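Structure file coords_34.cif (mmCIF, C-alpha atoms) follows.
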data_coords
#
loop_
_atom_site.label_atom_id
_atom_site.label_comp_id
_atom_site.auth_asym_id
_atom_site.auth_seq_id
_atom_site.Cartn_x
_atom_site.Cartn_y
_atom_site.Cartn_z
CA MET E 1 -13.90 35.03 24.47
CA ASN E 2 -10.90 33.73 26.45
CA ALA E 3 -7.85 31.96 25.03
CA ASN E 4 -9.11 28.52 26.08
CA ALA E 5 -12.40 29.02 24.27
CA LEU E 6 -10.59 30.28 21.18
CA SER E 7 -8.34 27.22 21.26
CA MET E 8 -11.32 24.86 21.56
CA ASN E 9 -13.09 26.65 18.71
CA ALA E 10 -10.00 26.35 16.50
CA ARG E 11 -9.70 22.64 17.27
CA GLY E 12 -13.38 22.18 16.47
CA GLN E 13 -12.97 23.92 13.12
CA ALA E 14 -9.90 21.82 12.32
CA ARG E 15 -11.76 18.62 13.20
CA ARG E 16 -14.70 19.62 10.98
CA ALA E 17 -12.23 20.30 8.16
CA ALA E 18 -10.76 16.83 8.70
CA ARG E 19 -14.25 15.37 8.26
CA SER E 20 -15.03 17.55 5.24
CA ARG E 21 -16.43 16.33 1.95
CA ALA E 22 -13.26 17.40 0.14
CA LEU E 23 -11.07 15.21 2.35
CA GLU E 24 -13.46 12.30 1.92
CA VAL E 25 -13.24 12.66 -1.86
CA GLY E 26 -9.43 12.75 -1.57
CA ALA E 27 -9.41 9.55 0.47
CA ARG E 28 -11.66 7.72 -1.98
CA ALA E 29 -9.58 8.91 -4.92
CA GLY E 30 -6.53 7.60 -3.08
CA PHE E 31 -8.07 4.15 -2.78
CA VAL E 32 -8.77 4.18 -6.51
CA ALA E 33 -5.13 5.11 -7.18
CA ARG E 34 -3.84 2.37 -4.85
CA GLY E 35 -6.08 -0.08 -6.66
CA VAL E 36 -4.65 0.93 -10.03
CA ILE E 37 -1.09 0.36 -8.82
CA TYR E 38 -1.79 -3.07 -7.30
CA LEU E 39 -3.80 -4.17 -10.32
CA LEU E 40 -0.95 -3.21 -12.65
CA VAL E 41 1.66 -4.89 -10.43
CA GLY E 42 -0.48 -8.04 -10.55
CA VAL E 43 -0.67 -7.88 -14.34
CA LEU E 44 3.10 -7.34 -14.63
CA ALA E 45 3.76 -10.28 -12.27
CA LEU E 46 1.44 -12.46 -14.34
CA ARG E 47 3.44 -11.59 -17.45
CA ILE E 48 6.65 -12.53 -15.66
CA ALA E 49 5.15 -15.86 -14.58
CA PHE E 50 4.71 -17.06 -18.15
CA SER E 51 7.27 -14.96 -20.06
CA ASP E 52 10.13 -12.59 -19.36
CA GLY E 53 7.69 -9.79 -18.58
CA GLY E 54 9.05 -7.64 -21.38
CA GLY E 55 11.79 -6.31 -19.13
CA LYS E 56 9.26 -4.62 -16.83
CA GLN E 57 9.58 -4.56 -13.06
CA ALA E 58 6.65 -6.02 -11.11
CA ASP E 59 6.59 -3.21 -8.54
CA ARG E 60 5.35 0.35 -8.17
CA GLY E 61 8.04 1.65 -10.52
CA GLY E 62 7.00 -0.83 -13.18
CA ALA E 63 3.36 0.20 -12.78
CA ILE E 64 4.26 3.88 -13.18
CA ALA E 65 6.31 3.17 -16.29
CA GLU E 66 3.44 1.10 -17.71
CA ILE E 67 1.00 4.00 -17.23
CA ALA E 68 3.45 6.51 -18.74
CA GLU E 69 3.57 4.50 -21.99
CA LYS E 70 -0.19 4.71 -22.51
CA PRO E 71 -2.05 7.47 -24.42
CA PHE E 72 -2.49 10.44 -22.08
CA GLY E 73 -0.10 8.63 -19.74
CA VAL E 74 1.37 11.81 -18.27
CA PHE E 75 -2.11 13.16 -17.53
CA LEU E 76 -3.00 9.86 -15.86
CA LEU E 77 0.16 10.04 -13.73
CA TRP E 78 -0.71 13.56 -12.58
CA ALA E 79 -4.18 12.33 -11.61
CA LEU E 80 -2.69 9.32 -9.82
CA GLY E 81 -0.20 11.47 -7.90
CA VAL E 82 -2.85 13.96 -6.82
CA ALA E 83 -5.16 11.13 -5.73
CA LEU E 84 -2.37 9.63 -3.62
CA ALA E 85 -1.78 13.06 -2.08
CA GLY E 86 -5.47 13.01 -1.10
CA MET E 87 -4.90 9.66 0.57
CA ALA E 88 -1.88 11.09 2.43
CA LEU E 89 -3.89 14.06 3.72
CA TRP E 90 -6.68 11.77 4.88
CA ARG E 91 -4.18 9.61 6.77
CA LEU E 92 -2.74 12.78 8.32
CA SER E 93 -6.22 13.76 9.53
CA GLU E 94 -6.59 10.29 11.09
CA ALA E 95 -3.24 10.71 12.87
CA VAL E 96 -4.23 14.12 14.24
CA PHE E 97 -7.94 13.65 14.97
CA GLY E 98 -8.36 9.87 15.08
CA GLN E 99 -10.06 7.39 12.76
CA ALA E 100 -13.74 6.82 12.22
CA GLY E 101 -15.18 4.29 14.66
CA PRO E 102 -15.41 3.78 18.42
CA ASP E 103 -11.69 3.03 18.95
CA GLY E 104 -10.36 5.47 16.36
CA ASP E 105 -8.65 7.67 18.98
CA LYS E 106 -6.29 4.93 20.19
CA ALA E 107 -2.63 5.98 20.15
CA SER E 108 -1.64 2.87 18.19
CA LYS E 109 -4.11 3.65 15.40
CA ARG E 110 -2.95 7.26 15.24
CA ALA E 111 0.66 6.12 15.01
CA MET E 112 -0.17 3.74 12.15
CA ALA E 113 -2.05 6.53 10.39
CA ALA E 114 1.02 8.77 10.75
CA GLY E 115 3.21 6.07 9.20
CA ARG E 116 0.78 5.69 6.32
CA PHE E 117 0.78 9.46 5.84
CA VAL E 118 4.57 9.41 5.41
CA PHE E 119 4.37 6.44 3.02
CA TYR E 120 1.65 7.88 0.79
CA SER E 121 3.33 11.29 0.80
CA PHE E 122 6.49 9.66 -0.54
CA VAL E 123 4.60 7.65 -3.17
CA SER E 124 2.63 10.71 -4.27
CA TYR E 125 5.82 12.78 -4.54
CA SER E 126 7.57 10.11 -6.61
CA VAL E 127 4.64 9.78 -9.03
CA LEU E 128 4.25 13.54 -9.42
CA SER E 129 8.00 13.96 -9.92
CA TYR E 130 7.94 11.33 -12.66
CA ALA E 131 4.98 13.05 -14.32
CA ALA E 132 6.87 16.36 -14.17
CA GLY E 133 9.76 14.84 -16.10
CA ASP E 134 12.09 13.38 -13.48
CA LYS E 135 12.33 9.89 -14.96
CA SER E 136 14.67 8.78 -12.18
CA SER E 137 11.86 9.26 -9.67
CA GLY E 138 9.13 6.74 -9.06
CA SER E 139 10.08 4.23 -11.72
CA GLY E 140 13.37 3.10 -10.23
CA SER E 141 13.86 -0.56 -9.51
CA SER E 142 12.73 -1.47 -5.99
CA ASP E 143 15.36 -4.24 -6.05
CA LYS E 144 18.28 -1.85 -6.61
CA GLN E 145 16.92 0.60 -4.05
CA THR E 146 16.57 -2.17 -1.47
CA ASP E 147 20.08 -3.42 -2.28
CA ASP E 148 21.60 0.05 -1.91
CA VAL E 149 19.81 0.87 1.33
CA THR E 150 20.69 -2.51 2.85
CA ALA E 151 24.35 -2.19 1.85
CA ARG E 152 24.61 1.25 3.47
CA ALA E 153 22.81 0.11 6.61
CA LEU E 154 25.09 -2.91 7.02
CA GLU E 155 28.09 -0.56 7.10
CA TRP E 156 26.75 1.26 10.17
CA PRO E 157 27.69 0.27 13.71
CA ALA E 158 25.25 -2.47 14.73
CA GLY E 159 24.10 -2.45 11.10
CA GLN E 160 23.26 -6.16 11.11
CA TRP E 161 20.98 -5.67 14.09
CA ILE E 162 19.29 -2.67 12.45
CA VAL E 163 18.67 -4.51 9.17
CA GLY E 164 17.53 -7.61 11.04
CA ALA E 165 15.13 -5.57 13.17
CA ALA E 166 13.75 -3.82 10.08
CA GLY E 167 13.26 -7.19 8.41
CA ALA E 168 11.48 -8.52 11.48
CA VAL E 169 9.15 -5.50 11.48
CA VAL E 170 8.30 -6.03 7.79
CA LEU E 171 7.81 -9.77 8.34
CA GLY E 172 5.58 -9.10 11.34
CA ALA E 173 3.63 -6.47 9.41
CA GLY E 174 3.07 -8.96 6.61
CA LEU E 175 1.75 -11.61 8.98
CA TRP E 176 -0.46 -8.99 10.66
CA ILE E 177 -1.84 -7.85 7.28
CA ALA E 178 -2.57 -11.45 6.28
CA PHE E 179 -4.22 -12.26 9.64
CA ARG E 180 -6.45 -9.19 9.52
CA ALA E 181 -7.50 -10.05 5.98
CA ILE E 182 -8.32 -13.69 6.79
CA ALA E 183 -10.17 -12.61 9.96
CA ARG E 184 -12.06 -10.02 7.88
CA LYS E 185 -11.16 -7.22 10.25
CA TYR E 186 -11.78 -4.79 7.38
CA HIS E 187 -15.56 -5.22 7.88
CA LYS E 188 -15.58 -2.60 10.63
CA HIS E 189 -14.18 -0.03 8.21
CA LEU E 190 -16.76 -0.67 5.49
CA LYS E 191 -20.41 0.32 5.13
CA THR E 192 -21.52 -3.30 4.79
CA ALA E 193 -25.18 -2.41 5.39
CA GLU E 194 -25.17 -0.52 2.09
CA MET E 195 -23.87 -3.51 0.12
CA SER E 196 -25.93 -6.10 -1.69
CA ARG E 197 -25.32 -9.75 -0.88
CA ARG E 198 -23.28 -10.21 -4.06
CA ALA E 199 -21.24 -7.10 -3.34
CA ARG E 200 -20.41 -8.38 0.17
CA GLN E 201 -19.35 -11.73 -1.29
CA ALA E 202 -17.14 -10.04 -3.89
CA VAL E 203 -15.58 -7.79 -1.26
CA ASP E 204 -14.85 -10.79 0.97
CA VAL E 205 -13.25 -12.76 -1.88
CA THR E 206 -10.99 -9.88 -2.91
CA GLY E 207 -10.38 -8.71 0.66
CA VAL E 208 -9.42 -12.09 2.09
CA PHE E 209 -7.53 -13.40 -0.96
CA GLY E 210 -5.90 -10.10 -1.86
CA GLY E 211 -5.03 -9.13 1.70
CA ALA E 212 -3.59 -12.55 2.54
CA VAL E 213 -1.40 -12.54 -0.59
CA ARG E 214 -0.26 -8.98 0.04
CA GLY E 215 0.68 -9.95 3.59
CA ALA E 216 2.56 -13.02 2.33
CA VAL E 217 4.61 -10.85 -0.06
CA PHE E 218 5.51 -8.43 2.75
CA ALA E 219 6.40 -11.29 5.10
CA THR E 220 8.60 -12.92 2.44
CA ALA E 221 10.43 -9.64 1.79
CA GLY E 222 10.98 -9.28 5.54
CA GLY E 223 12.43 -12.78 5.67
CA PHE E 224 14.93 -11.90 2.93
CA ALA E 225 15.99 -8.80 4.88
CA ILE E 226 16.61 -10.94 7.98
CA ALA E 227 18.70 -13.33 5.84
CA ALA E 228 20.72 -10.37 4.54
CA ALA E 229 21.42 -9.28 8.11
CA VAL E 230 22.37 -12.75 9.37
CA GLN E 231 24.66 -13.47 6.40
CA HIS E 232 25.86 -9.86 6.06
CA GLU E 233 25.05 -9.95 2.35
CA PRO E 234 23.07 -6.95 1.00
CA GLY E 235 22.09 -8.94 -2.09
CA LYS E 236 19.98 -11.28 0.03
CA ALA E 237 17.52 -8.44 0.65
CA LYS E 238 14.95 -8.14 -2.13
CA GLY E 239 12.55 -5.48 -3.38
CA MET E 240 9.05 -6.36 -4.51
CA ASP E 241 10.06 -7.39 -8.03
CA ASP E 242 12.76 -9.84 -6.91
CA THR E 243 10.54 -11.08 -4.08
CA LEU E 244 7.79 -11.89 -6.56
CA ARG E 245 10.22 -13.58 -8.96
CA THR E 246 11.40 -15.94 -6.20
CA PHE E 247 7.92 -17.46 -6.07
CA SER E 248 8.48 -18.77 -9.60
CA GLU E 249 11.68 -20.48 -8.41
CA THR E 250 9.80 -22.78 -6.05
CA PRO E 251 8.80 -26.36 -7.01
CA ALA E 252 5.41 -24.96 -8.02
CA GLY E 253 7.18 -22.96 -10.73
CA PRO E 254 5.38 -20.10 -12.48
CA TRP E 255 1.99 -21.25 -11.16
CA LEU E 256 2.73 -20.00 -7.65
CA LEU E 257 3.78 -16.60 -9.01
CA ALA E 258 0.60 -16.55 -11.12
CA PHE E 259 -1.41 -17.23 -7.95
CA ILE E 260 0.38 -14.38 -6.15
CA ALA E 261 -0.17 -12.09 -9.15
CA LEU E 262 -3.90 -12.78 -9.08
CA GLY E 263 -3.92 -12.05 -5.35
CA LEU E 264 -2.26 -8.66 -5.85
CA ALA E 265 -4.73 -7.85 -8.62
CA ALA E 266 -7.54 -8.90 -6.25
CA PHE E 267 -6.21 -6.47 -3.64
CA GLY E 268 -6.40 -3.77 -6.29
CA LEU E 269 -10.08 -4.57 -6.77
CA PHE E 270 -10.55 -4.58 -2.99
CA SER E 271 -9.03 -1.08 -2.89
CA TRP E 272 -11.67 0.05 -5.37
CA ALA E 273 -14.34 -1.44 -3.10
CA ASN E 274 -12.87 0.68 -0.29
CA ALA E 275 -13.20 3.72 -2.52
CA ARG E 276 -16.93 3.02 -2.70
CA TRP E 277 -17.80 1.77 0.79
CA ARG E 278 -15.02 2.84 3.19
CA ARG E 279 -16.06 4.77 6.30
CA THR E 280 -14.09 8.07 6.31
#

Kindly return the structure encoded in the file as C-alpha cells.
Amino acid sequence: MNANALSMNARGQARRAARSRALEVGARAGFVARGVIYLLVGVLALRIAFSDGGGKQADRGGAIAEIAEKPFGVFLLWALGVALAGMALWRLSEAVFGQAGPDGDKASKRAMAAGRFVFYSFVSYSVLSYAAGDKSSGSGSSDKQTDDVTARALEWPAGQWIVGAAGAVVLGAGLWIAFRAIARKYHKHLKTAEMSRRARQAVDVTGVFGGAVRGAVFATAGGFAIAAAVQHEPGKAKGMDDTLRTFSETPAGPWLLAFIALGLAAFGLFSWANARWRRT
C-alpha cells in the first residue's frame, strides 16, 4: 500500500471517528449543558427584573455559582463541564471534516465551527476549573472582565479602532443570530420529520423567540462596545449582566428585562430540543 493510499485510509478513519456515536452523544450532552446555562441566566435575569436578584450576576458566572450552591452542585458542575467539552470536540470535528448537510464543507461554515470550538473549549475549561476548586474561574463577573479587556485594548495603538471593530462584529453577529432565528434557518439542522406537530410548534416558538432575544442581547452588547470605542471610555462596554440590566432602565422598566429573561430561558429550552433532534 503506497503512502497516498495510507493517507486516504487515515483520513477515512478520522472522518468515521468524527461521525461516531460517542461524538454524537458528546454533542447532544453539550446542547443540554448550554440549555441549562441559558435557562439559569434567564431565571437570574427575571429575579433582577423584579428584585435586586440577590446579588447574583445574570451571566454564565452567575449560572455556575447558582449550580454550585445546590446539593451535589460540584458533581453537577463536573457533568456540565464534561458535556461542554463534548460540544467543543463536536465543533472541532465540524471544522475539520465539515458539518452535516449538503453545504457543510463550505469554508465559512468550517471557520464558524472553529470559532465555536474555541469558545466552548474556554467555557468548558472555566466550568471544570471552578468545579476543581478554582473559585476565580468561571464565576467571575462578565462586566468586570469586559471592562478590564476594553481598558487594556484602548491603551494599544489604534485601540479605539480595534474595540470599535470588535463591537461591530458582535453587533453584526447578534443581528445575524436574530435574523436566522426569525427566518427559521435552524430547520435545516433539525430532524423535523421525526417531530410531532406539537413538537414542531414548540420548537418554533422557542427557536424564534429565544434566538431573536439572544441576538438582540448580543447586538446591544456590541453597540455598547462601539460606544466605548467612540467615547474612549472602557466603562461604556458592558458584559452580559450589565447589558441585561440596561433593559430595565428603559421606559418599559422591568417588564422589558422580564421579556428578555423569558427569551433567554426559551433559548435554553430550544437548546434541549437540539439535544433531541439536531442532525450531527

Given all atoms listed in the file as the counted atoms, nearest of E:Arg279, E:Lys144, E:Arg60, E:Lys191 to Gly35 (chain E) =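 With all atoms listed in the file as the atom set, the closest residue is E:Arg60.
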
Taking a cut-off of 8 Å and counting all atoms listed in the file, can you build a table that, for each residue of region 192-236 of chain E near region 264-275 of chain E, reports the nearest atom pair and how far apart they are in Å (one decimal), sorted by chain then residue number, as CSV?
residue,atom,partner,partner_atom,distance
E:Val203,CA,E:Phe270,CA,6.2
E:Thr206,CA,E:Ala266,CA,4.9
E:Gly207,CA,E:Phe270,CA,5.5
E:Phe209,CA,E:Ala266,CA,6.9
E:Gly210,CA,E:Phe267,CA,4.1
E:Gly211,CA,E:Phe267,CA,6.1
E:Val213,CA,E:Leu264,CA,6.6
E:Arg214,CA,E:Leu264,CA,6.2

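Of the listed residues (E:Ile260, E:Ala221, E:Leu128, E:Ile226), E:Ile260 comes nearest to Ser248 (chain E); the distances count only C-alpha atoms.
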
request  = Evaluate the PyMOL selection byres ((chain E and resi 82) around 9) here and jot the selected residues down as a ChimeraX atom specification.
outcome  = /E:26,29-30,77-81,83-87,124,127-128

ask   = Residues picked by the PyMOL selection byres ((chain E and resi 219) around 7) here, as a list in words?
value =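 Those residues are Val170, Leu171, Gly172, Gly174, Leu175, Gly215, Ala216, Val217, Phe218, Thr220, Ala221, Gly222 and Gly223 of chain E.
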
request  = Starting from the displayed file, determine the output of the PyMOL selection byres ((chain E and resi 95) around 8) and express the residue list as a ChimeraX atom specification.
outcome  = /E:91-94,96-99,109-114

Selection from above, C-alpha atoms, as a short mmCIF file (atom, residue, chain, number, x, y, z; two decimals), in the coordinates of the input, can you write it?
data_model
loop_
_atom_site.label_atom_id
_atom_site.label_comp_id
_atom_site.auth_asym_id
_atom_site.auth_seq_id
_atom_site.Cartn_x
_atom_site.Cartn_y
_atom_site.Cartn_z
CA ARG E 91 -4.18 9.61 6.77
CA LEU E 92 -2.74 12.78 8.32
CA SER E 93 -6.22 13.76 9.53
CA GLU E 94 -6.59 10.29 11.09
CA VAL E 96 -4.23 14.12 14.24
CA PHE E 97 -7.94 13.65 14.97
CA GLY E 98 -8.36 9.87 15.08
CA GLN E 99 -10.06 7.39 12.76
CA LYS E 109 -4.11 3.65 15.40
CA ARG E 110 -2.95 7.26 15.24
CA ALA E 111 0.66 6.12 15.01
CA MET E 112 -0.17 3.74 12.15
CA ALA E 113 -2.05 6.53 10.39
CA ALA E 114 1.02 8.77 10.75
#

ask   = Which of these, E:Leu46, E:Ile37, E:Ala202, E:Ala27, has the shortest distance to Phe247 (chain E) once you count only C-alpha atoms?
value = E:Leu46

inquiry  = My list of candidates is E:Phe259, E:Phe179, E:Phe224, E:Tyr186. Which is closest to Gly164 (chain E) when distances are computed with only C-alpha atoms?
reply    =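 The shortest atom-to-atom distance to Gly164 (chain E) comes from E:Phe224.
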
task = Name the residues, using the chain letters and numbers of the file, that sit within 12 Å of (23.0, -3.1, 11.0) when counting only C-alpha atoms, and give them as a VMD selection string.
result = chain E and resid 149 to 167 225 to 226 228 to 234

ask   = Which of these, E:Ala227, E:Ala49, E:Pro254, E:Arg197, has the shortest distance to Ala168 (chain E) once you count all atoms listed in the file?
value =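 Between E:Ala227, E:Ala49, E:Pro254, E:Arg197, the residue approaching Ala168 (chain E) most closely is E:Ala227.
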
Counting only C-alpha atoms, the residue of E:Ala45, E:Ala193, E:Ala33, E:Ala212 that sits nearest Val123 (chain E) =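 Answer, going by the shortest atom-to-atom distance: E:Ala33.
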
task = Would you work out the distance separating CA of Arg180 (chain E) from CA of Ala258 (chain E), expressed in Å to one decimal?
result = 23.0 Å

task = Find the distance between CA of Val41 (chain E) and CA of Ser196 (chain E) and write it in Å to one decimal.
result =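 Distance between the two atoms: 29.0 Å.
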
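Pairwise distance (CA of Lys56 (chain E), CA of Pro251 (chain E)) equals 23.9 Å.
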